[in-house]
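coords_22.tsv (TSV, C-alpha atoms)
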```
chain	number	residue	atom	x	y	z
A	1	MET	CA	181.60	154.74	90.60
A	2	GLU	CA	185.21	155.03	89.53
A	3	GLY	CA	186.52	152.78	86.81
A	4	GLU	CA	185.26	149.61	85.22
A	5	ILE	CA	183.90	146.66	87.21
A	6	ASP	CA	185.44	143.68	85.42
A	7	HIS	CA	183.83	140.23	85.61
A	8	ARG	CA	185.39	138.73	82.49
A	9	SER	CA	187.19	136.14	84.60
A	10	THR	CA	184.13	135.27	86.70
A	11	ARG	CA	182.87	131.86	85.58
A	12	ARG	CA	181.86	128.43	86.74
A	13	ASP	CA	181.32	125.16	84.96
A	14	PHE	CA	177.94	123.47	84.71
A	15	THR	CA	178.09	119.97	86.15
A	16	HIS	CA	174.64	119.05	87.41
A	17	GLY	CA	173.22	117.11	84.50
A	18	GLU	CA	172.66	116.50	80.83
A	19	LEU	CA	169.61	116.46	78.58
A	20	HIS	CA	168.79	114.07	75.75
A	21	ARG	CA	165.77	113.83	73.49
A	22	ARG	CA	164.76	110.61	75.25
A	23	ASP	CA	164.55	112.55	78.54
A	24	LEU	CA	161.88	114.92	77.25
A	25	ASP	CA	158.15	114.48	77.60
A	26	ASN	CA	156.34	115.03	74.32
A	27	ASN	CA	154.14	117.56	76.12
A	28	PRO	CA	156.06	120.75	77.07
A	29	PHE	CA	153.61	121.55	79.87
A	30	GLN	CA	154.39	118.20	81.50
A	31	GLN	CA	158.10	118.79	80.95
A	32	LEU	CA	157.79	122.14	82.71
A	33	ALA	CA	155.92	120.49	85.58
A	34	ASN	CA	158.68	117.88	85.87
A	35	TRP	CA	161.43	120.49	86.01
A	36	LEU	CA	159.52	122.66	88.49
A	37	ALA	CA	159.20	119.68	90.80
A	38	ALA	CA	162.88	118.84	90.38
A	39	ALA	CA	163.91	122.43	91.19
A	40	THR	CA	161.87	122.35	94.38
A	41	SER	CA	163.32	118.97	95.35
A	42	ALA	CA	166.83	120.32	94.75
A	43	GLY	CA	166.21	123.04	97.35
A	44	ASN	CA	165.21	126.05	95.27
A	45	PHE	CA	163.08	128.12	97.67
A	46	ASP	CA	161.46	130.20	94.90
A	47	ALA	CA	161.07	127.76	92.02
A	48	THR	CA	157.95	129.47	90.63
A	49	ALA	CA	159.73	132.84	90.24
A	50	MET	CA	159.94	133.79	86.57
A	51	VAL	CA	161.16	136.78	84.63
A	52	LEU	CA	158.33	138.42	82.70
A	53	ALA	CA	159.56	140.44	79.72
A	54	THR	CA	157.16	142.86	78.03
A	55	ALA	CA	157.54	145.71	75.56
A	56	ASP	CA	155.70	148.97	75.14
A	57	ALA	CA	153.99	150.11	71.95
A	58	SER	CA	157.29	151.41	70.54
A	59	GLY	CA	159.07	148.12	71.24
A	60	ARG	CA	161.12	149.21	74.26
A	61	PRO	CA	161.45	146.22	76.61
A	62	ASN	CA	161.08	145.87	80.36
A	63	ALA	CA	161.61	142.84	82.57
A	64	ARG	CA	160.82	141.91	86.16
A	65	TYR	CA	160.19	138.83	88.28
A	66	VAL	CA	156.66	137.62	88.95
A	67	LEU	CA	155.40	134.36	90.45
A	68	LEU	CA	153.77	131.60	88.44
A	69	LYS	CA	150.51	130.75	90.22
A	70	HIS	CA	148.98	127.99	88.11
A	71	PHE	CA	149.16	126.51	84.63
A	72	ASP	CA	147.61	123.92	82.40
A	73	GLU	CA	147.60	123.36	78.65
A	74	ALA	CA	145.75	126.64	78.19
A	75	GLY	CA	148.76	128.60	79.47
A	76	LEU	CA	150.82	129.96	82.37
A	77	CYS	CA	149.12	132.36	84.80
A	78	TRP	CA	150.13	135.11	87.22
A	79	TYR	CA	148.38	137.99	89.03
A	80	THR	CA	149.14	141.68	89.34
A	81	ASP	CA	147.73	145.19	89.28
A	82	GLN	CA	146.75	145.80	85.67
A	83	ARG	CA	147.45	149.54	86.12
A	84	SER	CA	151.14	148.72	86.58
A	85	GLN	CA	153.81	149.27	83.95
A	86	LYS	CA	153.59	145.65	82.84
A	87	GLY	CA	149.82	145.89	82.67
A	88	GLN	CA	149.97	149.00	80.51
A	89	GLU	CA	152.54	147.39	78.24
A	90	LEU	CA	150.50	144.22	77.85
A	91	ALA	CA	147.47	146.33	76.94
A	92	ALA	CA	149.49	148.00	74.17
A	93	ASN	CA	151.46	144.93	73.07
A	94	PRO	CA	149.90	141.65	74.26
A	95	TYR	CA	152.93	139.42	73.73
A	96	ALA	CA	155.52	138.44	76.33
A	97	ALA	CA	158.35	136.12	77.26
A	98	LEU	CA	158.89	134.19	80.49
A	99	VAL	CA	162.17	132.80	81.84
A	100	PHE	CA	162.72	130.37	84.72
A	101	TYR	CA	166.24	129.74	86.04
A	102	TRP	CA	167.13	127.05	88.57
A	103	PRO	CA	170.87	127.15	89.37
A	104	GLU	CA	170.61	124.10	91.63
A	105	ASN	CA	170.00	122.04	88.49
A	106	ASP	CA	171.78	124.27	85.91
A	107	ARG	CA	168.45	124.60	84.08
A	108	GLN	CA	166.58	127.35	82.32
A	109	VAL	CA	163.19	127.41	80.59
A	110	ARG	CA	162.04	130.11	78.18
A	111	VAL	CA	158.41	130.48	77.08
A	112	ASN	CA	157.04	132.89	74.46
A	113	GLY	CA	153.49	133.68	73.43
A	114	ALA	CA	150.46	135.91	73.37
A	115	VAL	CA	148.99	137.13	76.66
A	116	GLU	CA	145.33	137.47	77.61
A	117	PRO	CA	143.69	138.72	80.82
A	118	LEU	CA	142.01	136.19	83.08
A	119	ASP	CA	138.36	136.71	83.85
A	120	ASP	CA	137.13	138.40	87.02
A	121	ALA	CA	136.05	135.10	88.56
A	122	ALA	CA	139.61	133.74	88.43
A	123	ALA	CA	141.00	136.99	89.85
A	124	GLU	CA	138.45	137.07	92.67
A	125	SER	CA	139.05	133.43	93.54
A	126	TYR	CA	142.80	133.90	93.86
A	127	PHE	CA	142.49	137.26	95.65
A	128	GLN	CA	140.37	135.65	98.36
A	129	GLN	CA	143.00	132.89	98.82
A	130	ARG	CA	145.70	135.43	99.64
A	131	PRO	CA	146.60	136.19	103.28
A	132	SER	CA	144.76	139.26	104.56
A	133	PRO	CA	147.96	141.42	104.80
A	134	SER	CA	148.55	140.78	101.10
A	135	ARG	CA	144.96	141.73	100.28
A	136	TYR	CA	145.31	145.02	102.18
A	137	SER	CA	148.59	145.76	100.38
A	138	ALA	CA	147.12	145.06	96.96
A	139	ALA	CA	144.06	147.20	97.67
A	140	ALA	CA	146.12	150.10	99.02
A	141	SER	CA	148.60	150.28	96.15
A	142	ILE	CA	148.24	151.62	92.62
A	143	GLN	CA	151.23	149.68	91.40
A	144	SER	CA	154.05	151.62	89.70
A	145	GLN	CA	152.56	155.03	90.59
A	146	VAL	CA	154.69	157.60	92.40
A	147	ILE	CA	154.01	158.10	96.15
A	148	ALA	CA	155.61	160.67	98.43
A	149	SER	CA	156.76	158.36	101.22
A	150	ARG	CA	156.48	154.93	102.77
A	151	ALA	CA	154.57	156.54	105.63
A	152	GLU	CA	151.86	157.59	103.19
A	153	LEU	CA	151.70	154.07	101.78
A	154	LYS	CA	151.36	152.59	105.28
A	155	ALA	CA	148.64	155.12	106.06
A	156	ARG	CA	146.67	153.88	103.06
A	157	VAL	CA	146.91	150.34	104.40
A	158	ALA	CA	145.91	151.44	107.92
A	159	GLU	CA	142.85	153.25	106.57
A	160	LEU	CA	141.70	150.04	104.83
A	161	GLN	CA	142.32	148.02	107.97
A	162	GLN	CA	140.05	150.39	109.89
A	163	ARG	CA	137.33	150.18	107.24
A	164	TYR	CA	137.57	146.40	106.89
A	165	PRO	CA	138.74	145.09	110.29
A	166	GLU	CA	137.55	141.57	109.50
A	167	GLY	CA	139.92	141.35	106.53
A	168	ASN	CA	137.16	141.44	103.92
A	169	VAL	CA	138.79	144.23	101.91
A	170	PRO	CA	137.36	144.17	98.39
A	171	ARG	CA	139.46	143.46	95.34
A	172	ASN	CA	139.99	146.47	93.13
A	173	PRO	CA	138.70	145.56	89.63
A	174	ALA	CA	142.10	146.60	88.26
A	175	TRP	CA	143.80	143.79	90.22
A	176	GLY	CA	143.64	140.69	88.08
A	177	GLY	CA	145.42	137.90	86.30
A	178	TYR	CA	147.06	137.12	82.99
A	179	ARG	CA	147.63	133.98	80.97
A	180	LEU	CA	150.52	133.52	78.55
A	181	ILE	CA	149.49	131.13	75.77
A	182	PRO	CA	152.72	129.41	74.72
A	183	GLU	CA	153.81	129.34	71.12
A	184	ARG	CA	157.36	128.22	71.95
A	185	PHE	CA	159.19	126.57	74.85
A	186	GLU	CA	162.93	126.15	75.20
A	187	PHE	CA	164.50	123.83	77.77
A	188	TRP	CA	168.19	124.49	78.52
A	189	GLN	CA	170.50	122.24	80.48
A	190	GLY	CA	173.93	123.61	81.35
A	191	ARG	CA	176.84	121.31	80.42
A	192	ARG	CA	180.61	121.31	80.86
A	193	ASN	CA	182.70	123.58	78.66
A	194	ARG	CA	179.60	125.54	77.63
A	195	LEU	CA	178.48	122.74	75.29
A	196	HIS	CA	174.95	123.06	76.65
A	197	ASP	CA	171.87	121.02	75.74
A	198	ARG	CA	168.97	123.03	74.28
A	199	PHE	CA	165.65	121.73	73.01
A	200	VAL	CA	162.84	123.84	71.57
A	201	TYR	CA	159.16	122.90	71.33
A	202	ARG	CA	157.23	124.79	68.64
A	203	ARG	CA	153.87	124.52	66.97
A	204	PRO	CA	153.76	123.47	63.30
A	205	GLU	CA	152.29	126.09	61.00
A	206	GLY	CA	148.51	126.09	61.38
A	207	ASN	CA	148.52	123.27	63.97
A	208	ARG	CA	147.54	124.10	67.57
A	209	ARG	CA	147.57	120.52	68.87
A	210	GLU	CA	151.00	119.10	68.15
A	211	TRP	CA	154.51	120.14	69.11
A	212	ILE	CA	157.71	119.75	67.10
A	213	ILE	CA	160.80	119.16	69.25
A	214	GLU	CA	164.22	120.17	67.90
A	215	ARG	CA	167.72	120.34	69.35
A	216	LEU	CA	169.46	123.71	69.10
A	217	MET	CA	173.19	124.39	69.11
A	218	PRO	CA	174.36	126.04	72.31
```

If you took the structure in this file and wrote it as structure tokens, what would it be?
Amino acid sequence: MEGEIDHRSTRRDFTHGELHRRDLDNNPFQQLANWLAAATSAGNFDATAMVLATADASGRPNARYVLLKHFDEAGLCWYTDQRSQKGQELAANPYAALVFYWPENDRQVRVNGAVEPLDDAAAESYFQQRPSPSRYSAAASIQSQVIASRAELKARVAELQQRYPEGNVPRNPAWGGYRLIPERFEFWQGRRNRLHDRFVYRRPEGNRREWIIERLMP
């Protein structure tokens, strides 16, 4: 690359809505459910995509998109190969941040908290719900490990298809799920002139049942 790529003049205004305290559900999980539904209704084709940010034992961060698969008041859940980089980082440092962004609504949600693995029963249940091509792919891959070529990767899948022609490929025990247990939510609504609306939900000290809601400056 030659020279600087300059995007200092690239901007747009945020015009799709506004957010007031009266608009918010007292329960952040319900508020998240409401905004997920609104993003889907607005035409977002991947509304459950979320950035997962982790850090290794020395504090160096990494981020990537994963898909939210289910949530309730216990936490937000996704599935992956636990031998992956994110899995290794969560083993060393079991805290993470999630970010949703829905440009159709000029909205963003941030969630922070501790992460725990889901049990094998939850992992097995979801694995068996996946389409068979996805099950073969998950079983063939040791996520984040180096492989010589795509041909070799496809050969691993083909070998499993020959061994399990009915699609009953077993789940590797390393393929499982995680739950982020929220300690903090932030709901962001883009507004004109960058005077955005931001509200944070946080737990009072020593209280795991209630949420304090506060407005933040943009």

(message) Set the distance at 12 Å and use all atoms listed in the file: which residues neighbour Gln129 of chain A once local chain neighbours fewer than 4 positions away are removed? I'd like the list as a VMD selection string.
(response) chain A and resid 69 122 to 125 133 to 135 167 to 168 171

Determine, counting all atoms listed in the file, which protein, DNA and RNA residues have an atom within 7 Å of an atom of Trp175 of chain A; residues of the same chain fewer than 3 positions away are not included. Present the result as a short mmCIF file (atom, residue, chain, number, x, y, z; two decimals) with C-alpha atoms, in the coordinates of the input.
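Okay, result27.cif is ready:
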```cif
data_model
loop_
_atom_site.label_atom_id
_atom_site.label_comp_id
_atom_site.auth_asym_id
_atom_site.auth_seq_id
_atom_site.Cartn_x
_atom_site.Cartn_y
_atom_site.Cartn_z
CA THR A 80 149.14 141.68 89.34
CA ASP A 81 147.73 145.19 89.28
CA GLN A 82 146.75 145.80 85.67
CA ARG A 171 139.46 143.46 95.34
CA ASN A 172 139.99 146.47 93.13
#
```

(request) Tell me, as a VMD selection string, which residues lie within 9 Å of segment 28-33 of chain A, counting only C-alpha atoms; anything in the same chain fewer than 2 positions away does not count. (result) chain A and resid 24 to 26 35 to 38 71 to 73 75 109 185 to 187 201 211

(request) Around the point (146.2, 154.1, 103.5) in the file's coordinates, collect all residues with an atom within 12 Å, using all atoms listed in the file, and return them as an MDAnalysis selection string. (result) chainID A and resid 136:142 147 149:163

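For the set A:Ala57, A:Met217, A:Ile181, A:Ala92, the residue with the smallest atom-to-atom gap to Glu116 of chain A is A:Ile181, counting only C-alpha atoms.
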
Any chance you could build segment 138-164 of chain A out to N, CA, C and O atoms and write it as a PDB file, in the frame of the given file?
```pdb
ATOM      1  N   ALA A 138     147.549 144.937  98.346  1.00  0.00           N
ATOM      2  CA  ALA A 138     147.120 145.060  96.960  1.00  0.00           C
ATOM      3  C   ALA A 138     146.051 146.134  96.792  1.00  0.00           C
ATOM      4  O   ALA A 138     146.052 146.891  95.821  1.00  0.00           O
ATOM      5  N   ALA A 139     145.130 146.212  97.762  1.00  0.00           N
ATOM      6  CA  ALA A 139     144.060 147.200  97.670  1.00  0.00           C
ATOM      7  C   ALA A 139     144.558 148.615  97.901  1.00  0.00           C
ATOM      8  O   ALA A 139     143.999 149.579  97.358  1.00  0.00           O
ATOM      9  N   ALA A 140     145.617 148.766  98.689  1.00  0.00           N
ATOM     10  CA  ALA A 140     146.120 150.100  99.020  1.00  0.00           C
ATOM     11  C   ALA A 140     147.004 150.689  97.929  1.00  0.00           C
ATOM     12  O   ALA A 140     147.164 151.909  97.840  1.00  0.00           O
ATOM     13  N   SER A 141     147.585 149.839  97.098  1.00  0.00           N
ATOM     14  CA  SER A 141     148.600 150.280  96.150  1.00  0.00           C
ATOM     15  C   SER A 141     148.041 150.427  94.738  1.00  0.00           C
ATOM     16  O   SER A 141     147.283 149.575  94.268  1.00  0.00           O
ATOM     17  N   ILE A 142     148.431 151.494  94.077  1.00  0.00           N
ATOM     18  CA  ILE A 142     148.240 151.620  92.620  1.00  0.00           C
ATOM     19  C   ILE A 142     149.624 151.351  92.045  1.00  0.00           C
ATOM     20  O   ILE A 142     150.469 152.243  91.954  1.00  0.00           O
ATOM     21  N   GLN A 143     149.872 150.126  91.676  1.00  0.00           N
ATOM     22  CA  GLN A 143     151.230 149.680  91.400  1.00  0.00           C
ATOM     23  C   GLN A 143     151.914 150.518  90.324  1.00  0.00           C
ATOM     24  O   GLN A 143     151.305 150.863  89.309  1.00  0.00           O
ATOM     25  N   SER A 144     153.159 150.857  90.583  1.00  0.00           N
ATOM     26  CA  SER A 144     154.050 151.620  89.700  1.00  0.00           C
ATOM     27  C   SER A 144     153.811 153.126  89.727  1.00  0.00           C
ATOM     28  O   SER A 144     154.532 153.874  89.063  1.00  0.00           O
ATOM     29  N   GLN A 145     152.804 153.598  90.485  1.00  0.00           N
ATOM     30  CA  GLN A 145     152.560 155.030  90.590  1.00  0.00           C
ATOM     31  C   GLN A 145     153.447 155.652  91.671  1.00  0.00           C
ATOM     32  O   GLN A 145     153.775 155.012  92.669  1.00  0.00           O
ATOM     33  N   VAL A 146     153.838 156.889  91.453  1.00  0.00           N
ATOM     34  CA  VAL A 146     154.690 157.600  92.400  1.00  0.00           C
ATOM     35  C   VAL A 146     153.908 157.881  93.694  1.00  0.00           C
ATOM     36  O   VAL A 146     152.720 158.223  93.655  1.00  0.00           O
ATOM     37  N   ILE A 147     154.588 157.726  94.859  1.00  0.00           N
ATOM     38  CA  ILE A 147     154.010 158.100  96.150  1.00  0.00           C
ATOM     39  C   ILE A 147     155.080 158.833  96.937  1.00  0.00           C
ATOM     40  O   ILE A 147     156.277 158.569  96.795  1.00  0.00           O
ATOM     41  N   ALA A 148     154.655 159.770  97.766  1.00  0.00           N
ATOM     42  CA  ALA A 148     155.610 160.670  98.430  1.00  0.00           C
ATOM     43  C   ALA A 148     156.497 159.968  99.433  1.00  0.00           C
ATOM     44  O   ALA A 148     157.676 160.308  99.582  1.00  0.00           O
ATOM     45  N   SER A 149     155.966 158.978 100.166  1.00  0.00           N
ATOM     46  CA  SER A 149     156.760 158.360 101.220  1.00  0.00           C
ATOM     47  C   SER A 149     156.176 157.001 101.577  1.00  0.00           C
ATOM     48  O   SER A 149     155.018 156.700 101.263  1.00  0.00           O
ATOM     49  N   ARG A 150     156.983 156.203 102.267  1.00  0.00           N
ATOM     50  CA  ARG A 150     156.480 154.930 102.770  1.00  0.00           C
ATOM     51  C   ARG A 150     155.425 155.164 103.836  1.00  0.00           C
ATOM     52  O   ARG A 150     154.469 154.381 103.946  1.00  0.00           O
ATOM     53  N   ALA A 151     155.561 156.233 104.603  1.00  0.00           N
ATOM     54  CA  ALA A 151     154.570 156.540 105.630  1.00  0.00           C
ATOM     55  C   ALA A 151     153.188 156.731 105.004  1.00  0.00           C
ATOM     56  O   ALA A 151     152.172 156.289 105.555  1.00  0.00           O
ATOM     57  N   GLU A 152     153.150 157.390 103.861  1.00  0.00           N
ATOM     58  CA  GLU A 152     151.860 157.590 103.190  1.00  0.00           C
ATOM     59  C   GLU A 152     151.289 156.256 102.715  1.00  0.00           C
ATOM     60  O   GLU A 152     150.080 156.012 102.812  1.00  0.00           O
ATOM     61  N   LEU A 153     152.163 155.388 102.225  1.00  0.00           N
ATOM     62  CA  LEU A 153     151.700 154.070 101.780  1.00  0.00           C
ATOM     63  C   LEU A 153     151.144 153.274 102.955  1.00  0.00           C
ATOM     64  O   LEU A 153     150.065 152.664 102.858  1.00  0.00           O
ATOM     65  N   LYS A 154     151.836 153.308 104.093  1.00  0.00           N
ATOM     66  CA  LYS A 154     151.360 152.590 105.280  1.00  0.00           C
ATOM     67  C   LYS A 154     150.056 153.178 105.798  1.00  0.00           C
ATOM     68  O   LYS A 154     149.193 152.450 106.310  1.00  0.00           O
ATOM     69  N   ALA A 155     149.896 154.482 105.645  1.00  0.00           N
ATOM     70  CA  ALA A 155     148.640 155.120 106.060  1.00  0.00           C
ATOM     71  C   ALA A 155     147.473 154.634 105.208  1.00  0.00           C
ATOM     72  O   ALA A 155     146.353 154.461 105.713  1.00  0.00           O
ATOM     73  N   ARG A 156     147.724 154.404 103.932  1.00  0.00           N
ATOM     74  CA  ARG A 156     146.670 153.880 103.060  1.00  0.00           C
ATOM     75  C   ARG A 156     146.245 152.486 103.513  1.00  0.00           C
ATOM     76  O   ARG A 156     145.047 152.146 103.512  1.00  0.00           O
ATOM     77  N   VAL A 157     147.227 151.678 103.906  1.00  0.00           N
ATOM     78  CA  VAL A 157     146.910 150.340 104.400  1.00  0.00           C
ATOM     79  C   VAL A 157     146.132 150.435 105.715  1.00  0.00           C
ATOM     80  O   VAL A 157     145.124 149.739 105.910  1.00  0.00           O
ATOM     81  N   ALA A 158     146.577 151.305 106.615  1.00  0.00           N
ATOM     82  CA  ALA A 158     145.910 151.440 107.920  1.00  0.00           C
ATOM     83  C   ALA A 158     144.462 151.887 107.750  1.00  0.00           C
ATOM     84  O   ALA A 158     143.574 151.430 108.486  1.00  0.00           O
ATOM     85  N   GLU A 159     144.212 152.772 106.805  1.00  0.00           N
ATOM     86  CA  GLU A 159     142.850 153.250 106.570  1.00  0.00           C
ATOM     87  C   GLU A 159     141.950 152.099 106.120  1.00  0.00           C
ATOM     88  O   GLU A 159     140.805 151.970 106.566  1.00  0.00           O
ATOM     89  N   LEU A 160     142.482 151.202 105.267  1.00  0.00           N
ATOM     90  CA  LEU A 160     141.700 150.040 104.830  1.00  0.00           C
ATOM     91  C   LEU A 160     141.484 149.063 105.974  1.00  0.00           C
ATOM     92  O   LEU A 160     140.411 148.456 106.084  1.00  0.00           O
ATOM     93  N   GLN A 161     142.468 148.911 106.824  1.00  0.00           N
ATOM     94  CA  GLN A 161     142.320 148.020 107.970  1.00  0.00           C
ATOM     95  C   GLN A 161     141.237 148.509 108.922  1.00  0.00           C
ATOM     96  O   GLN A 161     140.531 147.701 109.540  1.00  0.00           O
ATOM     97  N   GLN A 162     141.109 149.831 109.047  1.00  0.00           N
ATOM     98  CA  GLN A 162     140.050 150.390 109.890  1.00  0.00           C
ATOM     99  C   GLN A 162     138.679 150.186 109.258  1.00  0.00           C
ATOM    100  O   GLN A 162     137.703 149.879 109.948  1.00  0.00           O
ATOM    101  N   ARG A 163     138.609 150.341 107.940  1.00  0.00           N
ATOM    102  CA  ARG A 163     137.330 150.180 107.240  1.00  0.00           C
ATOM    103  C   ARG A 163     136.896 148.728 107.146  1.00  0.00           C
ATOM    104  O   ARG A 163     135.700 148.418 107.133  1.00  0.00           O
ATOM    105  N   TYR A 164     137.879 147.828 107.059  1.00  0.00           N
ATOM    106  CA  TYR A 164     137.570 146.400 106.890  1.00  0.00           C
ATOM    107  C   TYR A 164     138.339 145.595 107.951  1.00  0.00           C
ATOM    108  O   TYR A 164     139.257 144.834 107.636  1.00  0.00           O
TER     109      TYR A 164
END
```
